[in-house]
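> My structure is below; once you've seen it, I'll send some questions.
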Amino acid sequence: MAKVRVLVAKPGLDGHDRGAKVVARALRDAGFEVIYTGLRQTPEQIAEAALQEDVNVVAMSILSGAHPHLFPKVVNLLREKGMNDVLIIGGGVIPETDIPALKEAGIAEVFTPGTPTGDIVEFIKANVK
Amino acid sequence: MDIVEELLKGNRLALSRAITAIENETDEAMDIMKKLYPHTGHAFVLGITGPPGAGKSTLTDKLARAYREQGKTVGIIAIDPTSPFTGGAILGDRIRMNGLTMDEGVFIRSMGTRGSLGGLSHKTADAVKAMDAFGKDIIFVETVGVGQSEVDIVKAADTTMVVLIPGMGDDIQAIKAGILEIGDVFTINKADHDGADKLVREMNMMLDLDGLMTDWRPPIQKVIASQNEGITETIENIEKHFKYISENGILTKRRTERSKNEMLDVLHSRIGSYITNKLVETGKMDEYVEKIKARETDPYTVVSHVMKDMLK
Amino acid sequence: MSNEKIQAGLDKYNASVEKATSKFPERPNLPEQRLYTPLDIKDTDYADEIGFPGMYPYTRGVQPTMYRGRFWTMRMYAGFSTAAESNKRYRYLIESGATGLSCAFDLPTQIGYDSDDPISEGEVGKVGVAIDSLADMEVLFDQIDLGKVSTSMTINAPASVLLSMYIAVAEKQGVPADQLKGTIQNDILKEYAARGTYIFPPRPSMRLITNIFEYCSKNVPKWNTISISGYHIREAGSTASQEIAFTIADGIAYCEAAIKAGLHIDDFAGRLSFFWNAHNNVLEEVAKFRASRRVWAKVMKERFHAEKPKSMMLRVHTQTAGSMLTAQQPNNNIIRVALQTAAAVMGGTQSLHTNSRDEALALPTEESVMIALRTQQIVAYESGLADVIDPLAGSYYVEALTNKIEKEAWEYIKKIDEIGGAVAAIEKGYIQKEIQDSAYKWQMDVESGAKTIVGVNKFQIEEEPPKGLLKVDASVGVAQCKRLADMKAKRDNDAVKSALADLKKACQDENENLMPHILNAVRTYATLGEICGVMREVFGEYEAHVNL
């Protein structure tokens with residue numbers, strides 16, 4: 001029986017993991033298998049962990065403003081590793097105006113502050129391959 | 001991608017996909033295992049178990065680093081419980097091994113128990129084989145030692161290490177009694193905490209009283225995994241045990257037993273699902289259940305019938 | 001009126017309520033008790049528990065006249081991009097009437113990496129200013145008289161290094177260290193528990209902190225050597241009681257470490273300061289401030305046997321709750337901040353930072369910062385809230401709530417004592433787990449509608465994306481790396497090398513105070529990354545305990 005596997009990751013250096021942890025628990029309660037990587041993960045570490053765990057979804061959270069740099073980097077590394085099907089989503093303090101560029105870069109959806117965790121669950125269910 | 005071909009070439013994504021197939025029990029998994037089987041049998045398998053909070057993942061991390069320094073490649077399978085209520089799981093062992101992620105000689109895979117108690121040991125054994133065929137020298141299987149299924153998993157290892165910590169109160173009595181017999185090597189982690197020496201004494205007493213004792217007396221090593229203390233000694237203990245079982249024919253016996261169990265596992269699960277599917281397809285399942293419920297027949301008679309019918 | 005008479009009245013009232021609620025049910029999810037009377041505080045002894053401002057147990061405030069003397073320090077946390085840009089913002093704030101500076105550092109600085117470290121990529125200058133060496137610090141405080149201004153620095157793991165840089169800049173301005181006024185956050189325990197910018201394991205971290213206590217008590221006596229912070233614990237999702245309980249437990253751990261290192265409680269306790277969050281529930285927050293002062297005073301007197309009154313005073317800086325700002329309808333945040341400001345002022349804070357309306361979206365613009373500062377000024381000058389001391393004292397509800405929060409805090413402190421203190425409780429993941437559970441409950445309450453957040457789960461509207469947000473250009477990182485390379489080419493590299501070697505030796509000797517060695521290295525323009533690198537080599541790095 002297949003299960004949706006999600007890597008919840010904190011790229012970059014910010015230590016604000018309240019959102020990432022709340023999302024991780026909500027995803028677990030939605031029946032997913034969740035692997036949380038903890039703080040300060042480099043894009044390389046995130047991509048490699050995603051590969052070893054063969055996750056269906058990579059969910060990243062950044063609150064420091066480093067998302068324009070780090071999110072696309074993770075996407076590219078995952079593609080280089082042949083993880084073409086993985087659904088990549090992002091969240092955190094991300095201005096609306098940055099979102100088109102992130103989507104262009106391969107982030108399927110960006111969830112900003114105030115998003116109910118239920119929306120994230122529904123999005124994953126609807127879009128996971 | 002031809003998973004088997006790529007896996008044998010050393011493609012990590014292929015290994016990862018093979019384990020996914022095993023976990024999801026896809027039709028492809030059986031084919032993959034058939035083709036990988038000839039390439040297995042080379043790795044040393046170390047089971048690590050113990051109560052929650054014993055620091056197993058941190059210990060695994062340190063042991064893996066030590067083996068890497070010896071030039072050996074490492075595979076790690078870390079198993080966490082799936083919630084019986086939601087079916088979800090937080091697979092939280094990997095976070096304690098983050099430092100190993102970028103080492104190409106290490107492959108870590110987290111698995112949830114997924115409620116399939118019987119199937120878990122079987123799936124874990126197959127995941128071990130996939131890593132074995134991939135060429136890993138040492139494969140760690142780490143699991144919370146609380147239930148029978150977990151005990152079954154570690155029993156499939158060449159050497160089983162049981163990790164305990166001081167200060168666990170009365171619970172420890174039950175745990176110790178349950179896992180005493182499966183431990184080939186004991187590790188007392190967090191040995192800087194109060195009560196470590198007392199725990200060592202208690203463990204020794206229990207081993208003294210153990211009537212099943214062979215000539216191998218499980219060593220008890222104090223460790224502070226977070227500070228890398230006692231790791232070298234632990235590895236020596238593991239190696240001593242491996243040498244002992246190799247020289248006394250125990251390893252061969254264990255591996256023969258394992259082969260037999262593997263075959264029986266596959267047999268049971270295949271025959272079981274074959275018959276179940278047939279019963280469902282033909283609609284006989286509901287019919288039998290109704291009759292049993294009404295006391296018109298009984299499960300034993302039904303099964304005799306079914307076996308006569310289908311296993312001709 | 002006797003208690004019997006009140007009880008009789010209350011019974012009568014309750015009967016009438018029963019009738020009323022059967023016809024008109026109350027709103028769901030309200031606090032358990034609908035009305036407070038003198039009966040709820042009948043066991044509270046005024047003289048012992050409430051008392052007078054500036055007197056033990058300081059429930060009503062730490063100073064005798066509070067804001068009747070002067071208002072709290074209006075201290076706006078700021079810093080972004082390069083030292084030169086931040087310096088401009090600081091001078092703008094001082095001209096606008098801010099009375100203290102508060103420096104925000106970028107994440108590489110907070111975690112002890114230079115801007116050119118590969119791990120710093122994408123982070124340089126983002127959430128604060130990038131400081132790589134004394135050269136940047138000189139620019140940051142250019143034309144700002146360190147003898148006059150008081151400066152608060154949000155820096156923890158490498159606090160010793162940034163404080164040394166500040167002392168060195170002052171030296172160059174001709175200001176002696178004993179004239180310097182300000183605060184370093186320097187609170188590593190809440191970094192482990194809630195904020196995440198730690199470097200070293202607990203033992204060497206506690207050593208660095210006690211080294212700073214000792215050094216400052218002799219050389220920088222007006223400096224607040226630590227700001228024991230509940231702010232981030234609350235931001236991570238804790239309740240009000242957990243915020244003060246976990247923070248005071250951290251405070252106990254610092255005192256114990258300092259005493260173990262041979263200091264006397266009254267030599268350093270007066271320089272300890274606290275940092276609270278001001279959340280939305282105004283009355284609960286006021287009660288929290290009052291309860292926290294009472295708990296700390298008792299801890300200092302009864303547990304540590306402090307004798308100086310100053311040692312028993314919980315002095316507090318406050319920041320309005322960042323996590324309560326909404327990205328939706330951001331102008332509503334102005335109102336939230338105003339209420340939070342009122343809570344902090346009625347709670348008796350010593351200084352306050354007010355958040356800007358756009359901070360759920362990005363760093364604040366100058367206009368937003370101005371509104372936030374004006375909010376404080378309106379509360380101070382127009383609202384009347386600052387005109388009498390501790391104006392909510394005697395409210396049956398606020399006094400009962402103060403008692404309740406105090407009681408809950410003591411229960412947590414007792415539990416943490418049983419685990420073996422705050423360090424052990426963090427290493428076990430106990431405190432983190434409690435915070436996470438509260439955070440998860442909060443989120444589920446918002447999602448179920450049990451809690452209403454205006455504009456988020458009720459009264460939503462379609463909105464255009466907000467315009468004019470502040471963005472830190474990626475070129476900042478490139479420019480900062482170039483500055484760093486230029487500086488390294490100009491400095492005396494032999495002097496740097498020998499200062500770092502000396503520091504390494506000092507690190508290896510547990511009895512050595514590291515401050516003079518760090519100051520020495522800073523003066524040679526050794527970089528933050530180089531200095532922390534030496535300490536990383538000797539001390540190792542902390543591995544987080546995560547237990548979801």
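Following the order of the structure tokens, first chain is A, next is B, and so on, with residues numbered from 1 inside each chain and ligands from 1 in the order they appear.
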Determine which residues of chain B sit within 9 Å of chain C, taking into account only C-alpha atoms, and present them as a ChimeraX atom specification.
/B:53,90,92,95-96,226
> Taking N, CA and C atoms for each residue, export the selection above as a tab-separated table (two decimals), in the first residue's frame.

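Done, and the output landed in part-v2.tsv:
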chain	number	residue	atom	x	y	z
B	53	GLY	N	13.83	6.96	23.39
B	53	GLY	CA	14.63	7.91	24.16
B	53	GLY	C	15.98	7.38	24.61
B	90	ILE	N	5.70	10.36	11.98
B	90	ILE	CA	6.85	11.25	11.93
B	90	ILE	C	8.06	10.34	11.97
B	92	GLY	N	11.52	10.29	12.60
B	92	GLY	CA	12.37	11.31	13.21
B	92	GLY	C	13.80	10.91	13.48
B	95	ILE	N	17.03	12.95	11.53
B	95	ILE	CA	17.49	14.26	11.98
B	95	ILE	C	18.74	14.13	12.86
B	96	ARG	N	18.88	13.00	13.52
B	96	ARG	CA	20.06	12.81	14.37
B	96	ARG	C	21.26	12.30	13.57
B	226	SER	N	26.55	11.01	22.55
B	226	SER	CA	26.59	12.41	22.12
B	226	SER	C	28.01	12.97	22.21
> Need to verify the contact set: C:Lys218, 12 Å, only C-alpha atoms, exclusion of same-chain residues closer than 4 positions in sequence. Can you return it as a PyMOL selection string?
chain C and resi 177-178+211-214+222-223+225+263+267-268+515
> Only C-alpha atoms, please: the residues just picked out, written as a PDB file, in the first residue's frame.

ATOM      1  CA  ALA C 177      34.035  50.882  28.658  1.00  0.00           C
ATOM      2  CA  ASP C 178      32.631  51.831  32.050  1.00  0.00           C
ATOM      3  CA  ASN C 211      32.711  34.886  31.493  1.00  0.00           C
ATOM      4  CA  ILE C 212      30.741  37.872  30.206  1.00  0.00           C
ATOM      5  CA  PHE C 213      28.978  38.339  33.588  1.00  0.00           C
ATOM      6  CA  GLU C 214      32.308  38.386  35.349  1.00  0.00           C
ATOM      7  CA  LYS C 222      26.433  49.650  33.256  1.00  0.00           C
ATOM      8  CA  TRP C 223      25.937  46.938  30.665  1.00  0.00           C
ATOM      9  CA  THR C 225      24.848  41.299  30.356  1.00  0.00           C
ATOM     10  CA  LEU C 263      30.398  34.816  41.439  1.00  0.00           C
ATOM     11  CA  ASP C 267      27.435  40.990  41.982  1.00  0.00           C
ATOM     12  CA  PHE C 268      25.656  40.097  38.769  1.00  0.00           C
ATOM     13  CA  MET C 515      36.569  38.008  27.128  1.00  0.00           C
TER      14      MET C 515
END
> Restrict the calculation to only C-alpha atoms, then for each residue of chain C with any atom at most 8 Å from an atom of chain A give the closest atom pair and their distance in Å to one decimal, rows by chain and rising residue number, as a tab-separated table.

residue	atom	partner	partner_atom	distance
C:Leu107	CA	A:Leu13	CA	6.1
C:Pro108	CA	A:Leu13	CA	7.2
C:Ile119	CA	A:Thr42	CA	7.3
C:Ser120	CA	A:Leu13	CA	7.8
C:Glu121	CA	A:His69	CA	7.9
C:Gly122	CA	A:Ala66	CA	5.0
C:Glu123	CA	A:Ala66	CA	5.4
C:Lys126	CA	A:Gly65	CA	6.1
C:Val127	CA	A:Ser64	CA	5.8
C:Ala194	CA	A:His16	CA	7.6
C:Arg195	CA	A:Gly15	CA	5.2
C:Gly196	CA	A:Gly15	CA	3.9
C:Thr197	CA	A:Gly15	CA	5.8
C:Ala236	CA	A:Arg18	CA	5.2
C:Gly237	CA	A:Arg18	CA	7.0
C:Thr326	CA	A:Gly114	CA	6.8
C:Ala327	CA	A:Pro113	CA	6.0
C:Gln328	CA	A:Gly114	CA	7.7
C:Ala360	CA	A:Val93	CA	6.1
C:Leu361	CA	A:Pro95	CA	5.4
C:Ala362	CA	A:Pro95	CA	6.6
C:Gln436	CA	A:Arg18	CA	7.3
C:Ala439	CA	A:Val22	CA	7.0
C:Tyr440	CA	A:Val22	CA	5.6
C:Gln443	CA	A:Val22	CA	7.6
C:Glu447	CA	A:Pro116	CA	6.0
C:Val456	CA	A:Gly114	CA	6.1
C:Pro465	CA	A:Glu96	CA	5.9
C:Pro466	CA	A:Glu96	CA	7.7
C:Leu469	CA	A:Pro95	CA	7.9
C:Ala544	CA	A:Gly38	CA	8.0
C:Val546	CA	A:Gly38	CA	7.4
C:Leu548	CA	A:Lys21	CA	7.1
> Could you write out as JSON, numbers by chain the residues of chain A within 7 Å of chain B, counting only C-alpha atoms?
{"A": [1, 2, 28, 29, 30, 31, 32, 33, 34, 35, 36, 37, 38, 45, 48, 49, 51, 52, 53, 54]}
> Mind the document's chain letters and residue numbers, and return as an MDAnalysis selection string the residues of chain A that DSSP labels strand (DSSP E).
chainID A and resid 5:9 33:36 57:62 87:92 109:111
> Looking only at alpha helix (DSSP H) from DSSP on the backbone, list the matching residues of stretch 6-250 of chain B as an MDAnalysis selection string.
chainID B and resid 6:9 12:24 27:36 56:69 117:134 148:155 171:179 196:209 231:247 250
> So that I can see what lies close to B:Val162, please list as a ChimeraX atom specification the residues with an atom at most 8 Å from it, counting only C-alpha atoms and leaving out residues fewer than 2 positions away in the same chain.
/B:48-50,160,164,179,182-187
> With C-alpha atoms retained, export the selected residues as a short mmCIF file (atom, residue, chain, number, x, y, z; two decimals), in the first residue's frame.

data_model
loop_
_atom_site.label_atom_id
_atom_site.label_comp_id
_atom_site.auth_asym_id
_atom_site.auth_seq_id
_atom_site.Cartn_x
_atom_site.Cartn_y
_atom_site.Cartn_z
CA ILE B 48 19.91 -1.91 17.09
CA THR B 49 16.98 -1.80 19.45
CA GLY B 50 16.00 -0.37 22.81
CA THR B 160 21.80 -7.52 17.76
CA LEU B 164 19.50 1.00 27.44
CA ILE B 179 15.03 -8.07 25.34
CA ILE B 182 17.88 -11.09 22.00
CA GLY B 183 20.87 -8.91 22.92
CA ASP B 184 24.24 -10.10 21.68
CA VAL B 185 25.82 -6.87 22.78
CA PHE B 186 24.52 -4.40 25.37
CA THR B 187 25.14 -0.69 25.40
#
> Quick one: distance from atom CA of B:Leu59 to atom CA of B:Thr234 in Å, one decimal?
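Between these atoms lies a distance of 10.0 Å.
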> Give the answer as one residue: which of C:Tyr525, C:Leu10, C:His317, C:Glu285 has the shortest atom-to-atom distance to C:Asp494, using only C-alpha atoms?
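Counting only C-alpha atoms, the residue closest to C:Asp494 is C:Tyr525.
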> Nearest to C:Pro391: which of C:Val345, C:Trp72, C:Val220, C:Arg34 is it, counting only C-alpha atoms?
C:Val345
> Provide the atom CA of C:Asp106 to atom CA of A:Glu104 distance in Å, to one decimal place.
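Computing the Euclidean distance for atom CA of C:Asp106 and atom CA of A:Glu104 yields 27.7 Å.
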> Got a sec: who's within 9 Å of stretch 76-86 of chain A, counting only C-alpha atoms, leaving out chain neighbours fewer than 6 positions off, as a list in words?
Pro43, Glu44, Ile46, Ala47, Glu48, Ala50, Leu51, Asp54, Val55, Asn56, Val57, Val58, Ala105, Gly106, Val128 and Lys129 of chain A; Leu13 of chain B
> Go ahead and save the residues from that selection, with C-alpha atoms, as a PDB file, in the first residue's frame.

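Produced file part24.pdb, reproduced below:
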ATOM      1  CA  PRO A  43      20.052  22.718  -0.538  1.00  0.00           C
ATOM      2  CA  GLU A  44      22.435  19.827  -1.225  1.00  0.00           C
ATOM      3  CA  ILE A  46      17.789  18.553   1.363  1.00  0.00           C
ATOM      4  CA  ALA A  47      17.992  17.154  -2.164  1.00  0.00           C
ATOM      5  CA  GLU A  48      20.053  14.165  -1.057  1.00  0.00           C
ATOM      6  CA  ALA A  50      14.760  13.622  -0.537  1.00  0.00           C
ATOM      7  CA  LEU A  51      16.445  11.132  -2.829  1.00  0.00           C
ATOM      8  CA  ASP A  54      12.239   8.746  -2.113  1.00  0.00           C
ATOM      9  CA  VAL A  55       9.685  11.287  -0.971  1.00  0.00           C
ATOM     10  CA  ASN A  56       6.727  12.388  -3.063  1.00  0.00           C
ATOM     11  CA  VAL A  57       6.771  15.900  -1.660  1.00  0.00           C
ATOM     12  CA  VAL A  58       9.441  18.332  -0.495  1.00  0.00           C
ATOM     13  CA  ALA A 105      11.493  28.103 -10.954  1.00  0.00           C
ATOM     14  CA  GLY A 106       9.483  24.970 -10.179  1.00  0.00           C
ATOM     15  CA  VAL A 128       1.044  14.540  -5.619  1.00  0.00           C
ATOM     16  CA  LYS A 129       2.191  12.101  -8.270  1.00  0.00           C
TER      17      LYS A 129
ATOM     18  CA  LEU B  13      17.955   6.783  -6.847  1.00  0.00           C
TER      19      LEU B  13
END
> Can you tell me which residues surround stretch 402-417 of chain C at a distance of at most 6 Å, considering only C-alpha atoms, apart from same-chain residues fewer than 3 positions away, and format the answer as a ChimeraX atom specification?
/C:241,245,249,287,291,398-399,420-421
> Just to be explicit: take each residue in the selection above, keep C-alpha atoms, and write the result as a PDB file, in the first residue's frame.

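Output contents, as saved in selection29.pdb:
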ATOM      1  CA  SER C 241       2.354  31.093  31.636  1.00  0.00           C
ATOM      2  CA  ALA C 245       7.922  29.906  33.466  1.00  0.00           C
ATOM      3  CA  ALA C 249      13.753  28.601  34.665  1.00  0.00           C
ATOM      4  CA  ALA C 287      -1.330  39.867  34.529  1.00  0.00           C
ATOM      5  CA  ALA C 291       3.111  37.717  37.890  1.00  0.00           C
ATOM      6  CA  VAL C 398      -6.510  41.006  36.806  1.00  0.00           C
ATOM      7  CA  GLU C 399      -5.432  40.133  40.345  1.00  0.00           C
ATOM      8  CA  GLY C 420      17.366  18.620  36.709  1.00  0.00           C
ATOM      9  CA  GLY C 421      17.062  22.247  35.640  1.00  0.00           C
TER      10      GLY C 421
END
> Determine, counting only C-alpha atoms, which protein, DNA and RNA residues have an atom within 8 Å of an atom of B:Asp132; residues of the same chain fewer than 6 positions away are not included. Present the result as JSON, numbers by chain.
{"B": [39, 40, 41, 42, 43, 139]}
> Please identify all polymer residues within 9 Å of C:Ile389, counting only C-alpha atoms, omitting same-chain residues fewer than 2 positions from it, and present them as a list in words.
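Everything that qualifies: Pro53, Arg60, Gly61, Pro64, Thr65, Met66, Tyr67, Arg68, Met346, Gly348, Leu385, Ala386, Asp387, Pro391, Leu392 and Ala393 of chain C.
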> Those same residues - C-alpha atoms - I'd like them written as a short mmCIF file (atom, residue, chain, number, x, y, z; two decimals), in the first residue's frame.

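Once written, part_20.cif looks like this:
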data_model
loop_
_atom_site.label_atom_id
_atom_site.label_comp_id
_atom_site.auth_asym_id
_atom_site.auth_seq_id
_atom_site.Cartn_x
_atom_site.Cartn_y
_atom_site.Cartn_z
CA PRO C 53 5.87 50.02 43.22
CA ARG C 60 3.25 46.77 40.81
CA GLY C 61 6.48 47.70 39.09
CA PRO C 64 8.73 53.84 42.71
CA THR C 65 7.35 56.38 40.23
CA MET C 66 7.30 54.35 37.01
CA TYR C 67 6.27 56.46 34.00
CA ARG C 68 5.53 59.53 36.11
CA MET C 346 -0.08 48.78 31.77
CA GLY C 348 4.99 48.18 33.41
CA LEU C 385 -2.45 54.77 30.47
CA ALA C 386 0.96 55.92 31.63
CA ASP C 387 -0.27 58.53 34.07
CA PRO C 391 -3.59 51.10 36.83
CA LEU C 392 -5.20 47.65 36.68
CA ALA C 393 -4.17 46.59 40.18
#
> Between atom CA of C:Ala98 and atom CA of C:Phe289, what is the distance in Å, rounded to a tenth?
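Computed distance, atom CA of C:Ala98 to atom CA of C:Phe289, equals 23.4 Å.
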> For C:Ile209, which of C:Leu514, C:Ala135, C:Val129, C:Cys481 is the closest residue, counting only C-alpha atoms?
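With only C-alpha atoms as the atom set, the closest residue is C:Leu514.
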